[in-house]
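Below is protein-v9.csv, holding CSV, C-alpha atoms.
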```
chain,number,residue,atom,x,y,z
X,1,MET,CA,5.0,4.9,-3.2
X,2,ALA,CA,4.6,7.6,-5.8
X,3,ARG,CA,4.5,10.2,-3.1
X,4,ARG,CA,7.8,8.9,-1.7
X,5,LEU,CA,9.4,9.4,-5.2
X,6,VAL,CA,8.1,12.9,-5.4
X,7,GLU,CA,9.4,13.7,-1.9
X,8,ALA,CA,12.8,12.4,-3.0
X,9,GLY,CA,12.9,15.0,-5.8
X,10,HIS,CA,11.8,12.9,-8.8
X,11,GLN,CA,9.5,14.2,-11.5
X,12,VAL,CA,6.6,11.6,-11.4
X,13,THR,CA,3.6,11.0,-13.6
X,14,THR,CA,1.0,8.6,-12.2
X,15,TRP,CA,-1.4,6.5,-14.3
X,16,ARG,CA,-4.5,4.4,-13.4
X,17,ARG,CA,-7.3,3.1,-15.5
X,18,ALA,CA,-9.9,5.6,-14.2
X,19,ASP,CA,-7.8,8.6,-15.4
X,20,GLY,CA,-8.9,8.1,-19.0
X,21,VAL,CA,-5.3,8.8,-20.2
X,22,GLN,CA,-3.6,6.5,-22.8
X,23,VAL,CA,-0.8,4.5,-21.2
X,24,ALA,CA,1.6,5.4,-24.0
X,25,THR,CA,1.0,9.1,-23.3
X,26,ALA,CA,1.7,8.6,-19.6
X,27,VAL,CA,5.0,6.9,-20.2
X,28,ASP,CA,6.2,9.1,-23.1
X,29,GLY,CA,9.8,10.3,-22.5
X,30,ALA,CA,10.1,8.6,-19.1
X,31,ASP,CA,13.5,7.1,-18.1
X,32,LEU,CA,11.9,4.8,-15.5
X,33,VAL,CA,8.5,3.2,-15.7
X,34,ILE,CA,7.2,1.4,-12.6
X,35,THR,CA,4.2,-1.0,-12.8
X,36,MET,CA,2.3,-2.0,-9.7
X,37,LEU,CA,-0.8,-3.9,-10.9
X,38,SER,CA,-3.1,-6.7,-9.7
X,39,ASP,CA,-2.0,-9.7,-11.7
X,40,PRO,CA,0.0,-11.0,-14.8
X,41,ALA,CA,-2.9,-10.3,-17.2
X,42,ALA,CA,-3.2,-6.7,-16.1
X,43,VAL,CA,0.6,-6.1,-16.4
X,44,ARG,CA,0.7,-7.6,-19.9
X,45,GLU,CA,-2.2,-5.5,-21.0
X,46,VAL,CA,-0.8,-2.2,-19.6
X,47,LEU,CA,2.7,-2.7,-20.9
X,48,THR,CA,1.4,-3.7,-24.3
X,49,ALA,CA,-0.5,-0.5,-24.4
X,50,ALA,CA,2.6,1.4,-23.2
X,51,LEU,CA,4.9,0.1,-26.0
X,52,PRO,CA,4.4,3.1,-28.4
X,53,GLY,CA,5.5,5.5,-25.6
X,54,LEU,CA,8.5,3.6,-24.3
X,55,ARG,CA,11.7,5.3,-25.4
X,56,PRO,CA,14.9,3.4,-26.2
X,57,GLY,CA,17.1,3.3,-23.1
X,58,ALA,CA,14.1,3.4,-20.7
X,59,THR,CA,13.8,0.8,-17.9
X,60,VAL,CA,10.7,-0.9,-16.8
X,61,VAL,CA,10.7,-1.9,-13.1
X,62,GLU,CA,7.9,-4.4,-12.6
X,63,MET,CA,6.9,-4.4,-8.9
X,64,SER,CA,3.6,-6.4,-9.0
X,65,THR,CA,3.5,-10.0,-7.8
X,66,ILE,CA,3.3,-12.0,-11.0
X,67,GLY,CA,5.8,-14.8,-10.8
X,68,PRO,CA,8.9,-15.5,-12.8
X,69,GLU,CA,7.1,-17.0,-15.8
X,70,ALA,CA,5.2,-13.8,-16.4
X,71,VAL,CA,8.5,-11.8,-16.1
X,72,ARG,CA,10.0,-13.9,-18.9
X,73,GLU,CA,6.9,-13.2,-21.0
X,74,LEU,CA,7.4,-9.5,-20.4
X,75,ARG,CA,11.0,-9.6,-21.4
X,76,ALA,CA,9.9,-11.1,-24.7
X,77,LEU,CA,7.2,-8.5,-25.1
X,78,LEU,CA,9.4,-5.4,-24.5
X,79,PRO,CA,11.8,-4.1,-27.2
X,80,ALA,CA,15.5,-5.1,-26.6
X,81,GLU,CA,16.4,-1.5,-26.1
X,82,VAL,CA,14.1,-1.3,-23.1
X,83,SER,CA,15.6,-2.8,-19.9
X,84,LEU,CA,13.5,-4.8,-17.5
X,85,VAL,CA,13.9,-5.4,-13.7
X,86,ASP,CA,11.5,-7.4,-11.6
X,87,ALA,CA,11.2,-5.9,-8.1
X,88,PRO,CA,8.1,-7.1,-6.1
X,89,VAL,CA,7.9,-5.9,-2.5
X,90,LEU,CA,7.3,-7.4,0.9
X,91,GLY,CA,5.2,-5.2,3.1
X,92,SER,CA,1.8,-3.5,2.9
X,93,VAL,CA,0.2,0.0,3.2
X,94,GLY,CA,2.1,1.1,6.3
X,95,PRO,CA,5.6,0.2,5.2
X,96,ALA,CA,4.9,1.6,1.7
X,97,ALA,CA,4.0,5.0,3.3
X,98,ASP,CA,7.0,4.8,5.7
X,99,GLY,CA,9.6,3.7,3.1
X,100,THR,CA,10.3,0.4,5.0
X,101,LEU,CA,9.3,-2.1,2.3
X,102,THR,CA,11.7,-4.9,1.2
X,103,VAL,CA,12.3,-4.6,-2.5
X,104,LEU,CA,13.2,-8.1,-4.0
X,105,ALA,CA,15.1,-7.1,-7.2
X,106,GLY,CA,15.9,-9.5,-10.1
X,107,GLY,CA,18.1,-8.4,-13.0
X,108,ASP,CA,20.5,-5.6,-13.3
X,109,VAL,CA,19.3,-3.0,-10.8
X,110,ARG,CA,22.5,-1.0,-10.4
X,111,ARG,CA,21.3,2.0,-12.3
X,112,TRP,CA,18.1,2.4,-10.3
X,113,ARG,CA,19.1,1.0,-6.9
X,114,GLU,CA,19.3,4.4,-5.3
X,115,THR,CA,15.9,5.4,-6.7
X,116,LEU,CA,14.2,2.2,-5.5
X,117,SER,CA,15.8,2.6,-2.1
X,118,VAL,CA,13.2,5.3,-1.3
X,119,PHE,CA,10.7,2.5,-0.9
X,120,GLY,CA,12.9,0.6,1.6
X,121,THR,CA,15.7,-2.0,1.6
X,122,VAL,CA,16.7,-3.2,-1.8
X,123,ARG,CA,17.7,-6.9,-1.8
X,124,GLU,CA,19.3,-8.1,-5.0
X,125,CYS,CA,18.1,-11.7,-5.6
X,126,GLY,CA,20.0,-12.6,-8.8
X,127,PRO,CA,19.1,-12.6,-12.5
X,128,LEU,CA,15.9,-11.4,-14.1
X,129,GLY,CA,12.9,-13.3,-12.6
X,130,SER,CA,14.6,-14.1,-9.3
X,131,GLY,CA,12.9,-11.3,-7.5
X,132,ALA,CA,9.5,-12.5,-8.7
X,133,ALA,CA,10.4,-16.1,-7.7
X,134,MET,CA,11.6,-15.0,-4.2
X,135,LYS,CA,8.3,-13.1,-3.6
X,136,ILE,CA,6.2,-16.2,-4.5
X,137,ALA,CA,8.4,-18.5,-2.4
X,138,VAL,CA,7.9,-16.2,0.6
X,139,MET,CA,4.2,-15.9,0.2
X,140,SER,CA,3.9,-19.7,-0.3
X,141,ALA,CA,5.0,-19.9,3.4
X,142,LEU,CA,3.3,-16.8,4.9
X,143,VAL,CA,-0.2,-17.2,3.4
X,144,PRO,CA,-0.7,-20.9,4.2
X,145,ALA,CA,0.6,-20.2,7.8
X,146,GLN,CA,-2.2,-17.6,8.1
X,147,VAL,CA,-4.7,-20.2,7.0
X,148,LEU,CA,-3.2,-22.7,9.4
X,149,LEU,CA,-3.7,-20.3,12.3
X,150,ALA,CA,-7.3,-19.6,11.2
X,151,GLU,CA,-8.0,-23.3,11.5
X,152,THR,CA,-6.1,-23.5,14.8
X,153,PHE,CA,-8.5,-20.8,16.2
X,154,ALA,CA,-11.5,-22.6,14.8
X,155,TYR,CA,-10.4,-25.8,16.5
X,156,GLY,CA,-9.8,-24.0,19.8
X,157,GLU,CA,-13.1,-22.3,19.7
X,158,ALA,CA,-14.9,-25.6,19.0
X,159,HIS,CA,-13.2,-27.1,22.1
X,160,GLY,CA,-13.7,-24.2,24.5
X,161,VAL,CA,-10.3,-22.7,24.3
X,162,ASP,CA,-10.2,-18.9,25.0
X,163,ARG,CA,-9.1,-17.2,21.8
X,164,ASN,CA,-6.9,-14.5,23.5
X,165,ALA,CA,-5.3,-17.1,25.8
X,166,LEU,CA,-4.5,-19.2,22.7
X,167,ILE,CA,-2.9,-16.2,21.0
X,168,ASP,CA,-0.9,-15.5,24.2
X,169,VAL,CA,0.5,-19.0,24.1
X,170,LEU,CA,1.2,-18.8,20.4
X,171,SER,CA,3.0,-15.5,20.9
X,172,GLY,CA,5.8,-17.3,22.6
X,173,THR,CA,6.3,-19.5,19.5
X,174,PRO,CA,7.8,-18.8,16.0
X,175,LEU,CA,4.2,-18.2,14.9
X,176,GLY,CA,3.7,-15.4,17.4
X,177,THR,CA,3.8,-12.5,15.0
X,178,LEU,CA,1.2,-14.0,12.6
X,179,ALA,CA,-1.0,-15.0,15.6
X,180,GLU,CA,-1.0,-11.4,16.9
X,181,ARG,CA,-2.3,-10.2,13.6
X,182,LEU,CA,-5.4,-12.3,14.1
X,183,ARG,CA,-6.0,-11.2,17.7
X,184,VAL,CA,-8.0,-8.2,16.3
X,185,PRO,CA,-8.4,-8.8,12.5
X,186,SER,CA,-7.6,-5.6,10.6
X,187,ALA,CA,-10.5,-3.3,9.6
X,188,GLU,CA,-8.1,-1.8,7.0
X,189,THR,CA,-7.2,-3.8,4.0
X,190,ARG,CA,-3.4,-4.0,4.1
X,191,TYR,CA,-3.1,-7.1,2.0
X,192,SER,CA,-6.4,-8.2,0.4
X,193,LEU,CA,-7.5,-11.7,0.6
X,194,ALA,CA,-8.1,-11.7,-3.2
X,195,HIS,CA,-4.5,-10.7,-3.8
X,196,ALA,CA,-3.2,-13.3,-1.3
X,197,THR,CA,-5.3,-15.9,-3.2
X,198,LYS,CA,-3.8,-14.8,-6.5
X,199,ASP,CA,-0.3,-14.9,-5.1
X,200,LEU,CA,-0.8,-18.3,-3.6
X,201,GLY,CA,-2.2,-19.6,-6.9
X,202,LEU,CA,1.1,-18.5,-8.6
X,203,GLY,CA,3.0,-20.6,-6.0
X,204,ALA,CA,0.8,-23.7,-5.6
X,205,TRP,CA,2.9,-25.8,-8.0
X,206,GLN,CA,2.0,-29.4,-8.5
X,207,GLY,CA,3.1,-31.4,-5.4
X,208,ALA,CA,2.8,-28.4,-3.1
X,209,THR,CA,0.3,-30.0,-0.8
X,210,MET,CA,0.1,-27.3,1.9
X,211,ALA,CA,-0.1,-24.4,-0.5
X,212,THR,CA,-2.7,-26.2,-2.6
X,213,ALA,CA,-4.9,-26.9,0.4
X,214,ALA,CA,-4.5,-23.3,1.7
X,215,ARG,CA,-5.5,-22.0,-1.8
X,216,ALA,CA,-8.7,-24.0,-1.6
X,217,ARG,CA,-9.6,-22.4,1.7
X,218,MET,CA,-8.7,-18.9,0.3
X,219,ARG,CA,-10.8,-19.4,-2.8
X,220,GLN,CA,-13.8,-20.4,-0.7
X,221,ALA,CA,-13.4,-17.3,1.4
X,222,GLN,CA,-13.1,-15.2,-1.8
X,223,ALA,CA,-16.3,-16.8,-3.2
X,224,ALA,CA,-18.0,-16.0,0.0
X,225,GLY,CA,-17.4,-12.3,-0.7
X,226,LEU,CA,-14.3,-11.6,1.4
X,227,GLY,CA,-11.9,-10.9,-1.4
X,228,GLU,CA,-11.6,-7.2,-0.8
X,229,ARG,CA,-11.1,-7.7,3.0
X,230,ASP,CA,-7.7,-8.0,4.6
X,231,LEU,CA,-6.1,-11.5,4.6
X,232,THR,CA,-6.8,-11.8,8.3
X,233,ALA,CA,-10.5,-12.2,7.4
X,234,ILE,CA,-9.7,-15.8,6.7
X,235,ALA,CA,-10.0,-16.4,10.4
X,236,GLU,CA,-13.6,-15.1,10.3
X,237,HIS,CA,-14.4,-17.3,7.3
X,238,VAL,CA,-12.9,-20.5,8.8
X,239,GLY,CA,-14.5,-19.9,12.2
X,240,GLY,CA,-17.9,-19.3,10.5
X,241,ASP,CA,-17.5,-22.4,8.4
X,242,GLN,CA,-16.8,-24.4,11.6
X,243,GLU,CA,-20.1,-23.1,13.1
X,244,ARG,CA,-22.0,-23.9,9.9
X,245,ARG,CA,-20.7,-27.4,9.9
X,246,ALA,CA,-21.6,-27.9,13.6
X,247,GLU,CA,-25.1,-26.6,12.9
X,248,HIS,CA,-25.5,-29.1,10.0
X,249,VAL,CA,-24.4,-32.0,12.3
X,250,GLY,CA,-26.8,-30.8,15.0
X,251,GLU,CA,-29.7,-30.6,12.6
X,252,GLY,CA,-28.9,-34.0,11.1
X,253,GLN,CA,-28.4,-32.4,7.6
X,254,ASP,CA,-26.5,-34.0,4.8
X,255,ARG,CA,-22.9,-32.8,4.8
X,256,GLN,CA,-22.0,-33.9,1.2
X,257,ALA,CA,-20.7,-30.5,0.2
X,258,GLY,CA,-17.6,-31.6,-1.6
X,259,GLY,CA,-14.9,-30.7,1.0
X,260,VAL,CA,-14.3,-28.1,3.6
X,261,GLY,CA,-16.3,-24.9,3.2
X,262,GLY,CA,-18.9,-26.7,1.1
X,263,GLY,CA,-21.8,-24.8,2.6
X,264,ALA,CA,-20.5,-21.5,1.3
X,265,GLY,CA,-19.6,-23.2,-2.0
X,266,ARG,CA,-23.3,-24.0,-2.8
X,267,ARG,CA,-24.2,-20.3,-2.8
X,268,ALA,CA,-24.5,-18.1,-5.9
X,269,VAL,CA,-21.8,-15.5,-5.1
X,270,PRO,CA,-21.8,-12.3,-7.3
X,271,LEU,CA,-18.3,-11.0,-8.2
X,272,ASN,CA,-17.6,-7.5,-9.2
X,273,LEU,CA,-14.0,-6.6,-9.9
X,274,PRO,CA,-12.6,-3.1,-9.3
X,275,ALA,CA,-10.0,-3.7,-12.0
X,276,ILE,CA,-12.6,-3.5,-14.8
X,277,PRO,CA,-15.3,-1.0,-15.7
X,278,ALA,CA,-18.1,-1.0,-13.2
X,279,THR,CA,-21.6,-2.4,-14.1
X,280,ASN,CA,-24.7,-0.3,-14.1
X,281,GLY,CA,-26.0,-2.1,-11.1
X,282,MET,CA,-28.4,-4.4,-13.1
X,283,TYR,CA,-25.9,-7.2,-13.3
X,284,SER,CA,-22.6,-8.5,-11.8
X,285,HIS,CA,-19.4,-9.1,-13.8
X,286,ALA,CA,-19.7,-12.8,-12.9
X,287,VAL,CA,-21.3,-15.2,-10.5
X,288,ARG,CA,-19.6,-18.1,-8.9
X,289,VAL,CA,-21.5,-21.2,-7.9
X,290,GLY,CA,-19.2,-23.8,-6.3
X,291,ASP,CA,-16.5,-24.6,-8.9
X,292,MET,CA,-18.4,-23.0,-11.8
X,293,LEU,CA,-18.1,-19.4,-12.9
X,294,TYR,CA,-20.8,-17.7,-15.0
X,295,VAL,CA,-19.4,-14.6,-16.7
X,296,SER,CA,-21.8,-11.9,-17.9
X,297,GLY,CA,-21.7,-10.5,-21.4
X,298,GLN,CA,-18.6,-8.4,-21.7
X,299,ALA,CA,-18.4,-5.6,-24.2
X,300,ALA,CA,-15.9,-2.9,-25.2
X,301,PHE,CA,-16.5,0.1,-23.1
X,302,ASP,CA,-14.2,2.0,-20.7
X,303,GLU,CA,-14.6,3.4,-17.1
X,304,GLN,CA,-16.4,6.4,-18.4
X,305,GLY,CA,-18.9,4.3,-20.4
X,306,ASN,CA,-17.4,5.2,-23.7
X,307,VAL,CA,-17.2,2.6,-26.5
X,308,VAL,CA,-13.6,1.5,-27.1
X,309,GLY,CA,-12.4,1.0,-30.7
X,310,GLU,CA,-15.6,2.2,-32.3
X,311,GLY,CA,-15.9,0.7,-35.8
X,312,SER,CA,-13.0,-1.8,-35.3
X,313,MET,CA,-13.9,-5.4,-34.5
X,314,ALA,CA,-10.2,-6.2,-33.8
X,315,GLU,CA,-9.9,-3.4,-31.1
X,316,GLN,CA,-13.2,-4.3,-29.5
X,317,ALA,CA,-12.5,-8.0,-29.4
X,318,GLU,CA,-9.0,-7.3,-27.9
X,319,HIS,CA,-10.6,-5.1,-25.2
X,320,VAL,CA,-13.2,-7.8,-24.4
X,321,PHE,CA,-10.7,-10.6,-24.0
X,322,GLN,CA,-8.4,-8.5,-21.8
X,323,VAL,CA,-11.4,-7.9,-19.5
X,324,VAL,CA,-12.2,-11.6,-19.5
X,325,SER,CA,-8.5,-12.4,-18.7
X,326,ARG,CA,-8.8,-10.2,-15.6
X,327,ILE,CA,-12.0,-11.9,-14.5
X,328,LEU,CA,-10.4,-15.3,-15.0
X,329,ALA,CA,-7.2,-14.4,-13.2
X,330,ASP,CA,-9.2,-13.1,-10.2
X,331,GLN,CA,-10.6,-16.6,-9.7
X,332,GLY,CA,-7.4,-18.4,-10.4
X,333,ALA,CA,-8.5,-19.6,-13.8
X,334,THR,CA,-7.1,-19.3,-17.4
X,335,PHE,CA,-8.6,-19.4,-20.9
X,336,ASP,CA,-8.0,-23.2,-20.8
X,337,ASP,CA,-10.7,-23.5,-18.1
X,338,ILE,CA,-13.5,-22.0,-20.3
X,339,ALA,CA,-16.2,-24.6,-20.9
X,340,PHE,CA,-18.5,-22.5,-23.1
X,341,VAL,CA,-18.3,-19.2,-25.1
X,342,ARG,CA,-21.3,-17.4,-26.5
X,343,THR,CA,-20.6,-14.5,-28.9
X,344,TYR,CA,-23.1,-11.9,-30.2
X,345,LEU,CA,-22.0,-10.1,-33.4
X,346,THR,CA,-23.9,-7.2,-35.0
X,347,ASP,CA,-22.4,-8.2,-38.3
X,348,MET,CA,-21.5,-11.9,-39.0
X,349,ASP,CA,-19.1,-10.7,-41.7
X,350,ASP,CA,-16.9,-9.6,-38.8
X,351,ARG,CA,-16.4,-13.1,-37.5
X,352,VAL,CA,-13.0,-13.5,-39.3
X,353,ALA,CA,-11.6,-10.5,-37.5
X,354,TYR,CA,-13.1,-11.6,-34.3
X,355,GLY,CA,-11.8,-15.1,-34.7
X,356,GLN,CA,-8.2,-13.8,-35.2
X,357,VAL,CA,-8.3,-12.1,-31.9
X,358,ARG,CA,-10.0,-15.0,-30.1
X,359,ARG,CA,-7.4,-17.5,-31.2
X,360,LYS,CA,-4.7,-15.4,-29.5
X,361,TYR,CA,-6.3,-16.1,-26.2
X,362,ILE,CA,-8.1,-19.4,-26.6
X,363,THR,CA,-5.5,-21.8,-27.9
X,364,GLY,CA,-5.5,-25.5,-28.4
X,365,THR,CA,-8.8,-27.5,-28.4
X,366,ALA,CA,-11.7,-25.0,-28.5
X,367,PRO,CA,-14.4,-25.0,-25.9
X,368,ALA,CA,-18.1,-25.4,-26.7
X,369,SER,CA,-19.2,-22.2,-28.6
X,370,THR,CA,-22.2,-20.4,-30.1
X,371,THR,CA,-21.9,-17.4,-32.3
X,372,VAL,CA,-25.1,-15.5,-33.4
X,373,GLU,CA,-25.8,-12.3,-35.2
X,374,VAL,CA,-28.0,-9.7,-33.6
X,375,SER,CA,-29.5,-6.5,-34.9
X,376,LYS,CA,-28.0,-4.3,-32.1
X,377,LEU,CA,-26.4,-4.5,-28.7
X,378,PHE,CA,-27.2,-2.5,-25.5
X,379,MET,CA,-24.9,0.5,-26.4
X,380,PRO,CA,-24.6,2.1,-29.9
X,381,GLY,CA,-21.3,1.4,-31.5
X,382,LEU,CA,-20.7,-2.0,-29.9
X,383,LEU,CA,-19.9,-4.7,-32.4
X,384,LEU,CA,-19.8,-7.7,-30.1
X,385,GLU,CA,-20.6,-9.1,-26.7
X,386,VAL,CA,-19.2,-12.3,-25.2
X,387,ASP,CA,-20.4,-14.4,-22.2
X,388,LEU,CA,-18.8,-17.5,-20.8
X,389,ILE,CA,-19.1,-20.5,-18.5
X,390,VAL,CA,-15.9,-21.5,-16.8
X,391,ALA,CA,-15.0,-24.6,-14.9
X,392,LEU,CA,-12.7,-23.3,-12.1
X,393,PRO,CA,-9.6,-25.2,-11.1
X,394,GLY,CA,-10.4,-28.0,-8.7
X,395,SER,CA,-9.8,-27.5,-5.0
```

Would you mind writing the file's structure down as structure tokens?
Amino acid sequence: MARRLVEAGHQVTTWRRADGVQVATAVDGADLVITMLSDPAAVREVLTAALPGLRPGATVVEMSTIGPEAVRELRALLPAEVSLVDAPVLGSVGPAADGTLTVLAGGDVRRWRETLSVFGTVRECGPLGSGAAMKIAVMSALVPAQVLLAETFAYGEAHGVDRNALIDVLSGTPLGTLAERLRVPSAETRYSLAHATKDLGLGAWQGATMATAARARMRQAQAAGLGERDLTAIAEHVGGDQERRAEHVGEGQDRQAGGVGGGAGRRAVPLNLPAIPATNGMYSHAVRVGDMLYVSGQAAFDEQGNVVGEGSMAEQAEHVFQVVSRILADQGATFDDIAFVRTYLTDMDDRVAYGQVRRKYITGTAPASTTVEVSKLFMPGLLLEVDLIVALPGS
């Protein structure tokens, strides 16, 4: 998408976490700031960091899939003199390169309509937040339909139906286009299963039975390590689950696994997120076991291994809780789902400054907690480390 802007003659500065450049520096003086990030927590974090560099009169066009509630939060975050448009897109890698995306715009897009048209067709959906709502509504139909087809193929395979013949028949129905995508699941990640799970989590409102059931399937596939694969990998997961369940029946084993996909749910599944600094290989960011998430000790260091906010408990605590928010969001959880927090401080006198930051993120009734003072942490300059146990939202 950045390349298409350059080809259209615009002066473009790109920013990503690994660049090591301050966000405020990257946006300094820009008329238009476009965000395309993984989830609501990442968007809030990046735009908060961008605030000092946003000039009055600039426009932020938020193109991630974050839902209308998060768009309203961004409007409250941004200064009144900075305009906001929500404009998530329909389409994946190929349409992004070709300029054939559908841009779902909410808010006053008139000033930037021509610029956004380099990405594809701009569809004005209404007031601010309506583009985000439209995107979630569409994905609430498309993602469960993909899960439905995965289960259809698993049923057919279990009953001796030829997979290609089944797709041929489905191709003559309204589900034909989605069925064809599963004929040969994509080796390239066009729309990751993890992002689809996140999008569906935003749309699985109370009472949305099909979206909620599909979300449970998707979370099981993500916990089984398929998060970075294309969404079409859901067919592989459901088919494999069918085989596992059949094997359990054949061996006379107990099937009390707590719902579909239970066999995969009993495994300890390591999770490592590309959106936060990589580990040193001696640990994983978190490990999921069924509906419980165990988060490794998180500390304030960046992608280059440098300590963030050296000497400042407030800055280090803020960094830690932003990282935690991305880990939680990746698994469809929030700070309300935390069951236990353990904090290590190198100086107990810093607990007041730490507590002020923590209360910004963990509100309401506090979870079970332990805070201890230690002589030092694994990297010089670190003032705290936080690990957690999280009860993930029920399937």

Fill in: Polymer residues at most 9 Å from range 312-328 of chain X, only C-alpha atoms, same-chain spacing of 3 or more positions, as number ranges by chain
X: 38-42, 45, 271-273, 275-277, 285-286, 293, 295, 298-301, 307-309, 331-335, 337, 350-351, 353-358, 361, 382-386, 388, 390, 392

Discussion item. Here is a test: counting all atoms listed in the file, which residue of X:Ala150, X:Gly176, X:Leu77, X:Gly67 is nearest to Gly131 in chain X?
Written reply: X:Gly67

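Note that the spacing between CA of Glu180 in chain X and CA of Leu101 in chain X amounts to 20.1 Å.
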
Practice prompt. For Thr59 in chain X, please output as a list in words all residues within 7 Å (counting only C-alpha atoms; exclusion window: fewer than 5 positions along the same chain).
Written response: Asp31, Leu32, Val33, Val82, Ser83 and Leu84 of chain X

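Taking CA of Arg17 in chain X and CA of Val93 in chain X as the two end points, the separation is 20.4 Å.
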
Discussion item. Around (-6.4, -20.9, -7.1), as given in the file, which residues come within 10 Å? Count all atoms listed in the file and list them as a PyMOL selection string.
Written reply: chain X and resi 197-204+211-220+329-333+392-395

Item to complete: Pick out the closest residue to Ala105 in chain X from this set: X:Gly57, X:Pro79, X:Met63, X:Gly239. Count all atoms listed in the file.
Response: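 Nearest candidate to Ala105 in chain X out of X:Gly57, X:Pro79, X:Met63, X:Gly239: X:Met63.
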
Item to complete: Might you pull out every residue within 12 Å of Arg113 in chain X, with only C-alpha atoms counted and same-chain residues fewer than 2 positions away left off, and present them as an MDAnalysis selection string?
Response: chainID X and resid 32 61 85 87 103:111 115:124
